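With compact mmCIF, C-alpha atoms inside, this is protein-v5.txt:
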```txt
# COMPACT_ATOMS: atom_id res chain seq x y z
CA MET A 265 34.76 -44.56 -14.44
CA LYS A 266 35.51 -47.82 -16.27
CA ASN A 267 39.26 -47.08 -16.33
CA ASN A 268 39.20 -46.37 -12.58
CA LYS A 269 37.31 -49.57 -11.99
CA LYS A 270 39.81 -51.58 -14.00
CA ALA A 271 42.70 -49.96 -12.15
CA ILE A 272 41.18 -50.82 -8.79
CA ILE A 273 40.50 -54.43 -9.76
CA GLY A 274 43.95 -54.75 -11.33
CA GLY A 275 45.63 -53.44 -8.19
CA LEU A 276 43.67 -55.79 -5.96
CA THR A 277 44.45 -58.73 -8.29
CA ALA A 278 48.17 -57.96 -8.30
CA SER A 279 48.16 -57.74 -4.52
CA ILE A 280 46.46 -61.10 -4.22
CA LEU A 281 48.86 -62.73 -6.70
CA LEU A 282 51.91 -61.40 -4.90
CA GLN A 283 50.54 -62.75 -1.66
CA ALA A 284 49.94 -66.12 -3.26
CA CYS A 285 53.39 -66.30 -4.87
CA PHE A 286 55.56 -65.14 -2.00
CA GLY A 287 53.49 -65.52 1.08
CA GLY A 288 53.98 -69.30 1.81
CA GLY A 289 56.57 -72.13 1.70
CA HIS A 290 54.54 -74.76 -0.35
CA SER A 291 55.63 -75.92 -3.76
CA GLU A 292 54.41 -74.08 -6.86
CA ALA A 293 52.99 -77.16 -8.49
CA ALA A 294 50.89 -78.13 -5.53
CA ALA A 295 49.33 -74.71 -5.05
CA SER A 296 48.81 -73.52 -8.60
CA GLU A 297 45.46 -75.07 -9.49
CA PRO A 298 43.50 -74.44 -6.25
CA ASP A 299 45.04 -70.95 -5.75
CA VAL A 300 43.99 -69.72 -9.20
CA ALA A 301 40.40 -70.73 -8.62
CA ALA A 302 40.33 -69.06 -5.23
CA LEU A 303 41.88 -65.91 -6.64
CA GLN A 304 39.31 -65.75 -9.44
CA ALA A 305 36.48 -66.17 -6.96
CA GLU A 306 37.86 -63.41 -4.75
CA ILE A 307 38.30 -61.11 -7.76
CA ASN A 308 34.71 -61.77 -8.80
CA ASP A 309 33.55 -61.01 -5.26
CA LEU A 310 35.54 -57.77 -5.17
CA THR A 311 34.15 -56.77 -8.56
CA ALA A 312 30.58 -57.32 -7.34
CA ARG A 313 31.22 -55.37 -4.13
CA LEU A 314 32.78 -52.53 -6.13
CA ASN A 315 29.74 -52.45 -8.43
CA ASP A 316 27.46 -52.23 -5.39
CA LEU A 317 29.53 -49.38 -3.94
CA GLU A 318 29.46 -47.51 -7.25
CA ASN A 319 25.68 -47.94 -7.50
CA SER A 320 25.23 -46.76 -3.90
CA LEU A 321 27.47 -43.76 -4.54
CA ALA A 322 25.55 -42.83 -7.70
CA ALA A 323 22.24 -43.13 -5.84
CA ALA A 324 23.54 -41.00 -2.96
CA LYS A 325 24.78 -38.32 -5.36
CA GLU A 326 21.45 -38.32 -7.20
CA LYS A 327 19.56 -37.97 -3.93
CA GLN A 328 21.86 -35.17 -2.79
CA GLU A 329 21.43 -33.28 -6.07
CA ALA A 330 17.67 -33.73 -5.88
CA ALA A 331 17.64 -32.33 -2.33
CA LYS A 332 19.73 -29.35 -3.42
CA SER A 333 17.43 -28.69 -6.38
CA GLU A 334 14.34 -28.93 -4.17
CA LYS A 335 15.85 -26.60 -1.61
CA LYS A 336 16.81 -24.11 -4.33
CA ALA A 337 13.35 -24.32 -5.89
CA LYS A 338 11.70 -23.67 -2.53
CA LYS A 339 14.01 -20.74 -1.91
CA GLU A 340 13.30 -19.21 -5.32
CA ALA A 341 9.56 -19.99 -5.36
CA PRO A 342 7.25 -16.99 -4.84
CA THR A 343 6.20 -16.61 -1.21
CA LEU A 344 3.00 -14.79 -0.33
CA LYS A 345 3.28 -12.18 2.39
CA TRP A 346 -0.03 -11.32 4.02
CA SER A 347 -0.81 -8.03 5.69
CA GLY A 348 -3.82 -5.87 6.39
CA SER A 349 -5.64 -3.59 8.76
CA THR A 350 -8.97 -3.10 10.48
CA LYS A 351 -10.78 0.03 11.61
CA SER A 352 -13.93 0.27 13.69
CA GLY A 353 -15.47 3.27 15.37
CA TYR A 354 -18.36 5.56 16.17
CA MET A 355 -18.86 9.06 14.70
CA TYR A 356 -21.30 11.71 15.88
CA ASP A 357 -21.80 14.84 13.76
CA GLU A 358 -23.57 18.20 13.76
CA LYS A 359 -26.78 16.60 12.47
CA LYS A 360 -26.93 14.68 15.76
CA THR A 361 -26.55 11.50 13.78
CA GLY A 362 -24.43 8.60 14.94
CA LYS A 363 -22.62 6.33 12.52
CA ILE A 364 -21.00 3.00 13.27
CA LYS A 365 -18.12 2.40 10.88
CA ALA A 366 -16.11 -0.73 10.16
CA GLU A 367 -13.44 -1.38 7.58
CA ALA A 368 -11.01 -4.23 6.85
CA LYS A 369 -8.21 -4.58 4.31
CA ILE A 370 -6.64 -7.89 3.29
CA LEU A 371 -3.43 -7.53 1.25
CA ALA A 372 -1.06 -10.06 -0.30
CA THR A 373 2.31 -9.42 -1.97
CA THR A 374 4.95 -11.65 -3.53
CA VAL A 375 8.10 -11.50 -5.67
CA VAL A 376 8.20 -13.45 -8.95
CA ASP A 377 11.55 -14.59 -10.40
CA LYS A 378 13.38 -12.29 -7.98
CA THR A 379 12.35 -9.46 -10.29
CA TYR A 380 8.68 -8.55 -10.25
CA ASP A 381 6.64 -7.39 -7.25
CA VAL A 382 3.00 -8.45 -7.40
CA GLY A 383 0.29 -7.16 -5.09
CA LEU A 384 -3.39 -8.00 -4.63
CA GLY A 385 -5.86 -6.79 -2.02
CA LEU A 386 -9.48 -6.16 -1.14
CA LYS A 387 -11.22 -3.64 1.11
CA PHE A 388 -14.46 -4.39 2.97
CA LYS A 389 -16.43 -1.44 4.30
CA SER A 390 -19.63 -1.16 6.33
CA THR A 391 -21.42 1.96 7.60
CA SER A 392 -24.56 1.93 9.72
CA SER A 393 -26.40 5.18 10.51
CA GLU A 394 -28.72 5.62 13.46
CA PRO A 395 -32.29 6.94 12.89
CA ASN A 396 -32.60 10.72 13.05
CA ASN A 397 -35.27 13.39 12.38
CA GLY A 398 -37.85 10.81 11.44
CA LYS A 399 -35.54 8.97 9.06
CA TYR A 400 -34.99 5.26 9.35
CA SER A 401 -31.60 3.81 10.06
CA SER A 402 -29.51 2.87 7.04
CA GLU A 403 -26.66 0.53 6.25
CA LYS A 404 -24.10 0.39 3.46
CA ASN A 405 -21.85 -2.58 2.78
CA LYS A 406 -19.21 -2.39 0.08
CA ILE A 407 -16.28 -4.38 -1.31
CA LYS A 408 -13.56 -2.74 -3.36
CA LEU A 409 -10.39 -3.77 -5.16
CA GLU A 410 -7.70 -2.20 -2.98
CA GLN A 411 -4.68 -3.12 -5.09
CA ALA A 412 -3.75 -5.29 -8.09
CA TYR A 413 -0.37 -4.30 -9.47
CA VAL A 414 2.98 -5.42 -10.87
CA GLY A 415 6.17 -3.54 -9.99
CA ARG A 416 9.85 -3.75 -10.89
CA SER A 417 13.09 -1.95 -10.03
CA PHE A 418 15.50 -0.62 -12.64
CA GLY A 419 18.40 0.56 -10.53
CA PRO A 420 17.27 3.75 -8.75
CA VAL A 421 13.91 3.72 -10.58
CA TYR A 422 10.94 1.70 -9.36
CA VAL A 423 7.91 1.41 -11.65
CA LYS A 424 4.48 0.06 -10.78
CA ALA A 425 1.44 -0.54 -12.99
CA GLY A 426 -2.12 -1.41 -11.98
CA VAL A 427 -4.54 -0.65 -9.17
CA GLN A 428 -2.57 0.85 -6.27
CA SER A 429 -2.44 3.50 -3.55
CA VAL A 430 -1.12 6.98 -4.32
CA SER A 431 -0.39 9.83 -1.91
CA LEU A 432 1.04 13.30 -2.40
CA GLY A 433 2.33 15.62 0.30
CA GLU A 434 0.34 15.29 3.52
CA GLY A 435 -2.73 14.07 1.63
CA LEU A 436 -4.71 17.30 1.45
CA TRP A 437 -5.48 16.79 -2.25
CA LEU A 438 -4.56 13.19 -2.91
CA SER A 439 -4.33 10.18 -0.61
CA LYS A 440 -6.24 7.32 -2.16
CA SER A 441 -6.18 3.59 -2.79
CA SER A 442 -7.85 1.72 -5.67
CA VAL A 443 -6.61 4.05 -8.39
CA ASN A 444 -5.49 2.60 -11.72
CA GLN A 445 -2.11 4.16 -12.38
CA PHE A 446 1.31 3.76 -13.93
CA THR A 447 3.73 5.25 -11.40
CA ALA A 448 7.49 5.69 -11.25
CA SER A 449 9.66 6.63 -8.29
CA TYR A 450 13.21 7.84 -9.00
CA GLN A 451 15.69 7.99 -6.11
CA MET A 452 17.80 10.82 -7.53
CA THR A 453 20.10 11.01 -4.49
CA PRO A 454 19.88 9.58 -0.96
CA HIS A 455 17.87 12.70 -0.03
CA ASP A 456 15.96 13.54 -3.25
CA THR A 457 13.03 11.64 -4.77
CA LEU A 458 10.91 12.21 -7.88
CA TYR A 459 7.50 10.51 -7.96
CA THR A 460 5.20 10.56 -11.02
CA GLY A 461 1.92 8.95 -12.01
CA TYR A 462 -0.46 8.76 -14.96
CA GLY A 463 -3.78 6.94 -15.31
CA ARG A 464 -7.35 7.02 -14.03
CA ASP A 465 -8.71 7.84 -10.60
CA SER A 466 -10.69 5.52 -8.32
CA GLN A 467 -12.51 2.47 -9.65
CA ASP A 468 -16.07 1.55 -8.72
CA TYR A 469 -16.91 -0.85 -5.93
CA LEU A 470 -16.96 -4.55 -6.86
CA VAL A 471 -20.00 -5.09 -4.64
CA ASN A 472 -22.25 -2.15 -3.74
CA ASP A 473 -25.27 -1.63 -1.57
CA THR A 474 -28.34 -2.87 -3.47
CA SER A 475 -30.33 0.19 -2.39
CA ASP A 476 -27.72 2.60 -3.77
CA LYS A 477 -29.28 4.28 -6.81
CA ASN A 478 -26.22 6.34 -7.73
CA PRO A 479 -24.83 5.67 -11.21
CA PRO A 480 -21.51 3.83 -11.64
CA VAL A 481 -18.41 5.89 -10.91
CA ARG A 482 -17.10 7.77 -13.97
CA THR A 483 -13.33 7.69 -13.73
CA ARG A 484 -11.32 10.79 -14.63
CA LEU A 485 -7.82 11.38 -15.89
CA LEU A 486 -5.38 11.58 -12.97
CA LYS A 487 -1.74 12.58 -13.41
CA PHE A 488 0.90 14.11 -11.14
CA ALA A 489 4.59 14.72 -10.49
CA GLN A 490 6.13 15.30 -7.06
CA TYR A 491 9.62 16.22 -5.90
CA GLN A 492 10.69 15.77 -2.26
CA HIS A 493 13.93 16.58 -0.43
CA ASP A 494 14.66 14.93 2.92
CA PHE A 495 16.74 17.11 5.24
CA SER A 496 16.80 14.40 7.92
CA LYS A 497 14.73 11.44 9.09
CA ASP A 498 11.86 13.66 10.33
CA ALA A 499 12.36 16.83 8.26
CA TYR A 500 11.39 17.14 4.60
CA ALA A 501 9.85 19.50 2.06
CA GLY A 502 8.38 19.06 -1.38
CA LEU A 503 6.15 20.34 -4.14
CA TYR A 504 3.86 18.77 -6.72
CA VAL A 505 1.77 19.53 -9.78
CA GLY A 506 -1.07 17.44 -11.11
CA ALA A 507 -4.50 17.22 -12.65
CA GLN A 508 -7.71 15.37 -11.94
CA GLN A 509 -9.87 16.12 -14.93
CA PRO A 510 -10.86 18.93 -15.25
CA GLU A 511 -9.06 20.32 -12.19
CA ARG A 512 -5.38 21.36 -12.17
CA TYR A 513 -3.45 21.43 -8.89
CA PHE A 514 -0.23 22.84 -7.51
CA GLY A 515 0.94 22.18 -3.97
CA ILE A 516 3.78 22.57 -1.50
CA TYR A 517 4.27 20.80 1.82
CA GLY A 518 6.78 20.12 4.56
CA SER A 519 7.42 18.78 8.04
CA THR A 520 10.05 19.47 10.68
CA PRO A 521 10.71 18.92 14.37
CA ILE A 522 10.64 22.10 16.49
CA VAL A 523 11.95 21.26 19.92
CA GLY A 524 11.84 18.08 22.00
CA LYS A 525 8.81 16.02 20.96
CA PHE A 526 7.10 18.96 19.22
CA GLY A 527 6.85 19.10 15.45
CA ILE A 528 4.94 20.94 12.73
CA THR A 529 3.51 19.79 9.39
CA ALA A 530 1.81 21.86 6.70
CA GLU A 531 0.47 21.68 3.16
CA TYR A 532 -0.92 24.24 0.71
CA VAL A 533 -2.79 23.31 -2.49
CA ARG A 534 -4.22 25.51 -5.25
CA ASN A 535 -6.72 24.60 -7.97
CA THR A 536 -5.98 26.74 -11.03
CA ASN A 537 -9.04 25.69 -13.02
CA LYS A 538 -11.37 28.71 -13.01
CA ASP A 539 -14.19 27.16 -15.04
CA LYS A 540 -16.11 24.88 -12.69
CA PRO A 541 -18.58 22.73 -14.63
CA LYS A 542 -22.23 22.61 -13.62
CA MET A 543 -23.35 19.35 -12.02
CA ASP A 544 -24.57 16.71 -14.46
CA LYS A 545 -26.56 14.42 -12.21
CA LYS A 546 -26.78 11.69 -14.83
CA ILE A 547 -23.08 11.00 -14.50
CA GLU A 548 -22.40 12.73 -11.14
CA TYR A 549 -19.89 15.11 -12.74
CA GLY A 550 -19.53 18.79 -11.83
CA TYR A 551 -20.41 21.19 -8.98
CA ASP A 552 -23.74 22.01 -7.35
CA TYR A 553 -22.61 25.65 -6.91
CA PHE A 554 -20.67 27.37 -9.67
CA GLY A 555 -19.96 30.73 -11.30
CA ALA A 556 -17.09 32.25 -9.29
CA HIS A 557 -14.56 31.82 -12.14
CA LYS A 558 -11.47 32.00 -9.98
CA ASP A 559 -8.77 29.83 -8.44
CA THR A 560 -9.61 27.96 -5.26
CA GLN A 561 -7.16 27.01 -2.54
CA GLY A 562 -6.77 25.29 0.79
CA TYR A 563 -4.20 24.61 3.46
CA VAL A 564 -3.69 22.62 6.64
CA ILE A 565 -1.29 23.26 9.53
CA SER A 566 -0.69 20.59 12.17
CA LEU A 567 1.18 20.97 15.45
CA ASN A 568 1.99 17.62 17.01
CA TYR A 569 3.54 16.31 20.21
CA GLY A 570 4.85 12.74 20.57
CA LYS A 571 4.31 9.64 18.44
CA ALA A 572 1.92 6.77 19.13
CA LYS A 573 3.94 3.89 17.66
CA LYS A 574 5.07 1.50 20.39
CA LYS A 575 2.84 0.12 23.16
CA GLY A 576 2.13 2.73 25.83
CA THR A 577 3.17 5.75 23.71
CA TRP A 578 0.79 8.54 22.75
CA ASP A 579 0.51 11.74 20.73
CA ILE A 580 -1.67 14.82 20.50
CA ILE A 581 -2.20 16.76 17.26
CA GLY A 582 -3.80 20.16 16.83
CA GLN A 583 -4.89 21.15 13.31
CA TYR A 584 -6.21 24.17 11.49
CA LEU A 585 -7.81 23.71 8.06
CA ASN A 586 -8.99 26.39 5.64
CA VAL A 587 -10.39 24.94 2.41
CA ASP A 588 -12.33 26.96 -0.17
CA GLN A 589 -15.64 25.89 -1.61
CA ASN A 590 -15.11 23.92 -4.86
CA LEU A 591 -11.46 23.12 -4.22
CA PHE A 592 -12.32 19.49 -4.98
CA MET A 593 -15.01 18.13 -7.26
CA ASP A 594 -14.87 14.80 -5.45
CA ASP A 595 -14.03 14.86 -1.74
CA GLY A 596 -13.22 11.13 -1.72
CA TYR A 597 -9.54 11.63 -2.53
CA THR A 598 -8.39 13.82 0.34
CA ASP A 599 -7.08 12.27 3.54
CA TRP A 600 -9.75 14.35 5.34
CA ASP A 601 -12.62 12.78 3.36
CA ASP A 602 -14.69 12.37 6.54
CA TYR A 603 -14.81 16.16 6.92
CA ILE A 604 -13.99 18.11 3.74
CA THR A 605 -16.68 18.41 1.04
CA ALA A 606 -17.23 20.60 -2.00
CA ASP A 607 -18.90 23.09 0.41
CA GLY A 608 -15.49 23.96 1.88
CA PHE A 609 -14.20 23.53 5.40
CA LYS A 610 -12.75 25.99 7.91
CA GLY A 611 -11.93 25.28 11.52
CA PHE A 612 -9.89 23.45 14.12
CA GLY A 613 -9.32 19.81 14.92
CA LEU A 614 -7.85 17.93 17.86
CA ILE A 615 -6.57 14.34 17.62
CA LEU A 616 -5.51 12.09 20.51
CA ASP A 617 -3.81 8.75 19.80
CA TYR A 618 -2.77 6.04 22.24
CA ALA A 619 -0.93 2.87 21.18
CA THR A 620 -2.62 0.04 23.09
CA SER A 621 -0.02 -2.34 21.61
CA ASP A 622 2.69 -2.23 18.95
CA HIS A 623 0.07 -2.83 16.24
CA THR A 624 -3.14 -1.35 17.66
CA LYS A 625 -4.21 2.23 18.37
CA LEU A 626 -7.12 3.99 20.00
CA SER A 627 -7.91 7.44 18.58
CA LEU A 628 -10.27 10.30 19.40
CA LEU A 629 -10.84 12.95 16.72
CA ARG A 630 -12.81 16.13 17.34
CA TYR A 631 -13.40 18.98 14.83
CA TRP A 632 -14.99 22.41 15.35
CA ALA A 633 -15.58 23.99 11.94
CA HIS A 634 -18.05 25.35 9.41
CA THR A 635 -18.52 25.28 5.67
CA ASN A 636 -16.62 27.89 3.66
CA PRO A 637 -18.92 29.11 0.86
CA ASP A 638 -18.18 31.74 -1.78
CA GLY A 639 -21.14 34.09 -2.34
CA THR A 640 -20.43 34.32 -6.08
CA ASN A 641 -21.11 30.59 -6.53
CA VAL A 642 -24.81 29.85 -7.05
CA ASP A 643 -26.95 26.81 -7.80
CA GLU A 644 -29.36 26.30 -10.71
CA ASP A 645 -31.92 28.57 -8.99
CA GLY A 646 -29.41 31.37 -8.42
CA HIS A 647 -29.04 30.79 -4.69
CA SER A 648 -25.66 30.77 -2.96
CA LEU A 649 -24.71 28.34 -0.22
CA GLU A 650 -25.21 29.53 3.34
CA LYS A 651 -22.53 29.00 5.95
CA SER A 652 -23.37 26.16 8.30
CA PRO A 653 -21.65 24.48 11.26
CA HIS A 654 -19.61 21.38 10.66
CA TYR A 655 -18.41 19.50 13.69
CA SER A 656 -17.91 15.87 14.54
CA THR A 657 -16.53 13.50 17.17
CA TYR A 658 -14.99 10.24 16.06
CA LEU A 659 -13.76 7.45 18.35
CA LYS A 660 -12.00 4.62 16.50
CA PHE A 661 -9.80 1.61 17.10
CA THR A 662 -7.35 0.51 14.42
CA THR A 663 -5.16 -2.55 14.00
CA LYS A 664 -2.37 -3.48 11.58
CA PHE A 665 -1.08 -6.96 10.90
```

Kindly present the structure from the file in structure tokens form.
Amino acid sequence: MKNNKKAIIGGLTASILLQACFGGGHSEAAASEPDVAALQAEINDLTARLNDLENSLAAAKEKQEAAKSEKKAKKEAPTLKWSGSTKSGYMYDEKKTGKIKAEAKILATTVVDKTYDVGLGLKFKSTSSEPNNGKYSSEKNKIKLEQAYVGRSFGPVYVKAGVQSVSLGEGLWLSKSSVNQFTASYQMTPHDTLYTGYGRDSQDYLVNDTSDKNPPVRTRLLKFAQYQHDFSKDAYAGLYVGAQQPERYFGIYGSTPIVGKFGITAEYVRNTNKDKPKMDKKIEYGYDYFGAHKDTQGYVISLNYGKAKKKGTWDIIGQYLNVDQNLFMDDGYTDWDDYITADGFKGFGLILDYATSDHTKLSLLRYWAHTNPDGTNVDEDGHSLEKSPHYSTYLKFTTKF
């Protein structure tokens, strides 16, 4: 910079001297003393102006670099993405009891250092039951950790650790949030995926109803592996194996279009644990009816028409479910947790959905079914469970944002 400065000043000085020496017709003696002083003053002025320009240039460059750094920092800084859903509705069951249900999920995700996915979310749930058969109305309000995880991609493998949602097949055995798992998804080919998980099942509620006298949830070992092949966008098939202590499961599932807007979806699951433990009420672990010593199984077949996704679209789904008694120790993990219990479930369902907007949907669910007991399972007094009707009507409105 100094050399450039000297070169500039030298060039300007030489130019001025040449102008002074050859530019006029006056004698050399008469012009020498006043011209030298004027030249020196002009050189000093040019030097000062050049210094000011250099300082201005340096300040402009510094400001420009600072703006670039700030812009880059903002671009690379983690940005929270908010999402969530709400669900509110009214359910009426075979006990002639009405329940008003409301649920909201608030979720936040971000990416740290362009490498790690981080997710956090809460679920708020409220259920109010109407008075029935001399019983007072009741209300339950709960808050639960929906997700709290860190994830990262390693090429075709994506791993995630922490509280998260897991789902296998069509959800007949497992479709649950708030489980503490280490999961890995491997995209083997564009059409083949391997999904595995190991950890504990659902965590307890962060805030529970003060009148709830049930003991804290005892988590159980939960592990699984699933393989799925996609034939096309809407056609796929897969199988899975897994365990939810002490139960061991094997399942197959699939979905395919039939013709036009018609499609069919199905899932079959088998519990190969023959020794069903007796209920320990101190820790809420086991079965109320036991003793059959055999595998239990269940399946669901759904025939659907249309898809309620965009505003003004609708669908209708007919279902048949056949689930043995004691297929699940805890019915809170199936996607049909409003209907299936340890007593079993056998019957038909009809679902109507209408998209009131691109992100809202009105649904009517109706089931005609009964429990599905096994006569060889008995309680502590040696009595088996009697078959009883199980039907319900559920009108709900859901939103996603």

Computed gap from CA of Ser333 (chain A) to CA of Gly415 (chain A) is 27.8 Å

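If you measure from each of A:Lys542, A:His623, A:Arg464, A:Lys664 to Lys573 (chain A) using all atoms listed in the file, the closest one turns out to be A:His623.
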
Between A:Lys345, A:Phe665, A:Tyr459, A:Thr483, smallest distance to Ile547 (chain A) by all atoms listed in the file belongs to A:Thr483

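For the atom pair formed by CA of Met543 (chain A) and CA of Glu644 (chain A), the distance is 9.3 Å, given to one decimal.
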
Q.
Residues within 10 Å of Ser417 (chain A), please, as a list of chain:residue names. Count all atoms listed in the file; anything in the same chain fewer than 3 positions from it doesn't count.
A. A:Thr379, A:Tyr380, A:Asp381, A:Pro420, A:Val421, A:Tyr422, A:Val423, A:Lys424, A:Ala448, A:Ser449, A:Tyr450

CA of Thr620 (chain A) sits from CA of Asp357 (chain A) at a separation of 26.0 Å

* Near Gln561 (chain A), within 10 Å and counting only C-alpha atoms, which residues show up once chain neighbours fewer than 4 positions away are dropped, as a list of chain:residue names? -> A:Tyr513, A:Phe514, A:Gly515, A:Tyr532, A:Val533, A:Arg534, A:Asn535, A:Thr536, A:Asn586, A:Val587, A:Asp588, A:Gln589, A:Asn590, A:Leu591, A:Phe592, A:Gly608

Inset, instruction - For Thr373 (chain A), work out the shell of residues within 7 Å, counting all atoms listed in the file and skipping chain neighbours fewer than 5 positions away, then give it as a list of chain:residue names. - result: A:Leu344, A:Lys345, A:Trp346, A:Val382, A:Gly383, A:Leu384

Taking all atoms listed in the file into account, produce a table as a tab-separated table in which each residue of region 529-566 of chain A with an atom at most 12 Å from an atom of region 486-500 of chain A appears once, together with its shortest atom pair and the distance in Å to one decimal, ordered by chain and rising number.
```
residue	atom	partner	partner_atom	distance
A:Thr529	CA	A:Ala499	CA	9.4
A:Ala530	CA	A:Tyr500	CA	10.9
A:Glu531	CA	A:Tyr500	CA	11.9
```

How big is the axis-aligned box around the listed atoms of region 551-558 of chain A once 5 Å is added on each side, and where is its centre? Give both in Å to one decimal, as AutoDock Vina command-line options.
```
--center_x -17.6 --center_y 26.7 --center_z -9.5 --size_x 22.3 --size_y 21.1 --size_z 15.2
```

Some atoms are missing, so please complete region 554-565 of chain A with N, CA, C and O atoms and return it as a PDB file, in the frame of the given file.
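The result, stored in selection-v1.pdb:
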```
ATOM      1  N   PHE A 554     -21.678  27.017  -8.671  1.00  0.00           N
ATOM      2  CA  PHE A 554     -20.670  27.370  -9.670  1.00  0.00           C
ATOM      3  C   PHE A 554     -20.822  28.844 -10.045  1.00  0.00           C
ATOM      4  O   PHE A 554     -21.795  29.504  -9.666  1.00  0.00           O
ATOM      5  N   GLY A 555     -19.849  29.359 -10.807  1.00  0.00           N
ATOM      6  CA  GLY A 555     -19.960  30.730 -11.300  1.00  0.00           C
ATOM      7  C   GLY A 555     -18.910  31.687 -10.804  1.00  0.00           C
ATOM      8  O   GLY A 555     -18.833  32.824 -11.283  1.00  0.00           O
ATOM      9  N   ALA A 556     -18.071  31.318  -9.846  1.00  0.00           N
ATOM     10  CA  ALA A 556     -17.090  32.250  -9.290  1.00  0.00           C
ATOM     11  C   ALA A 556     -15.960  32.557 -10.268  1.00  0.00           C
ATOM     12  O   ALA A 556     -15.403  33.653 -10.261  1.00  0.00           O
ATOM     13  N   HIS A 557     -15.608  31.621 -11.120  1.00  0.00           N
ATOM     14  CA  HIS A 557     -14.560  31.820 -12.140  1.00  0.00           C
ATOM     15  C   HIS A 557     -13.261  32.341 -11.543  1.00  0.00           C
ATOM     16  O   HIS A 557     -12.733  33.372 -11.951  1.00  0.00           O
ATOM     17  N   LYS A 558     -12.755  31.621 -10.572  1.00  0.00           N
ATOM     18  CA  LYS A 558     -11.470  32.000  -9.980  1.00  0.00           C
ATOM     19  C   LYS A 558     -10.797  30.770  -9.379  1.00  0.00           C
ATOM     20  O   LYS A 558     -11.431  29.724  -9.181  1.00  0.00           O
ATOM     21  N   ASP A 559      -9.508  30.911  -9.088  1.00  0.00           N
ATOM     22  CA  ASP A 559      -8.770  29.830  -8.440  1.00  0.00           C
ATOM     23  C   ASP A 559      -9.346  29.559  -7.058  1.00  0.00           C
ATOM     24  O   ASP A 559      -9.864  30.472  -6.394  1.00  0.00           O
ATOM     25  N   THR A 560      -9.254  28.315  -6.633  1.00  0.00           N
ATOM     26  CA  THR A 560      -9.610  27.960  -5.260  1.00  0.00           C
ATOM     27  C   THR A 560      -8.369  27.368  -4.575  1.00  0.00           C
ATOM     28  O   THR A 560      -7.452  26.886  -5.244  1.00  0.00           O
ATOM     29  N   GLN A 561      -8.345  27.445  -3.266  1.00  0.00           N
ATOM     30  CA  GLN A 561      -7.160  27.010  -2.540  1.00  0.00           C
ATOM     31  C   GLN A 561      -7.532  26.457  -1.172  1.00  0.00           C
ATOM     32  O   GLN A 561      -8.655  26.627  -0.693  1.00  0.00           O
ATOM     33  N   GLY A 562      -6.565  25.806  -0.554  1.00  0.00           N
ATOM     34  CA  GLY A 562      -6.770  25.290   0.790  1.00  0.00           C
ATOM     35  C   GLY A 562      -5.438  24.974   1.434  1.00  0.00           C
ATOM     36  O   GLY A 562      -4.428  24.759   0.757  1.00  0.00           O
ATOM     37  N   TYR A 563      -5.424  24.966   2.757  1.00  0.00           N
ATOM     38  CA  TYR A 563      -4.200  24.610   3.460  1.00  0.00           C
ATOM     39  C   TYR A 563      -4.536  23.988   4.815  1.00  0.00           C
ATOM     40  O   TYR A 563      -5.636  24.156   5.354  1.00  0.00           O
ATOM     41  N   VAL A 564      -3.560  23.245   5.330  1.00  0.00           N
ATOM     42  CA  VAL A 564      -3.690  22.620   6.640  1.00  0.00           C
ATOM     43  C   VAL A 564      -2.372  22.811   7.376  1.00  0.00           C
ATOM     44  O   VAL A 564      -1.292  22.675   6.790  1.00  0.00           O
ATOM     45  N   ILE A 565      -2.459  23.133   8.659  1.00  0.00           N
ATOM     46  CA  ILE A 565      -1.290  23.260   9.530  1.00  0.00           C
ATOM     47  C   ILE A 565      -1.521  22.388  10.750  1.00  0.00           C
ATOM     48  O   ILE A 565      -2.560  22.488  11.409  1.00  0.00           O
TER      49      ILE A 565
END
```
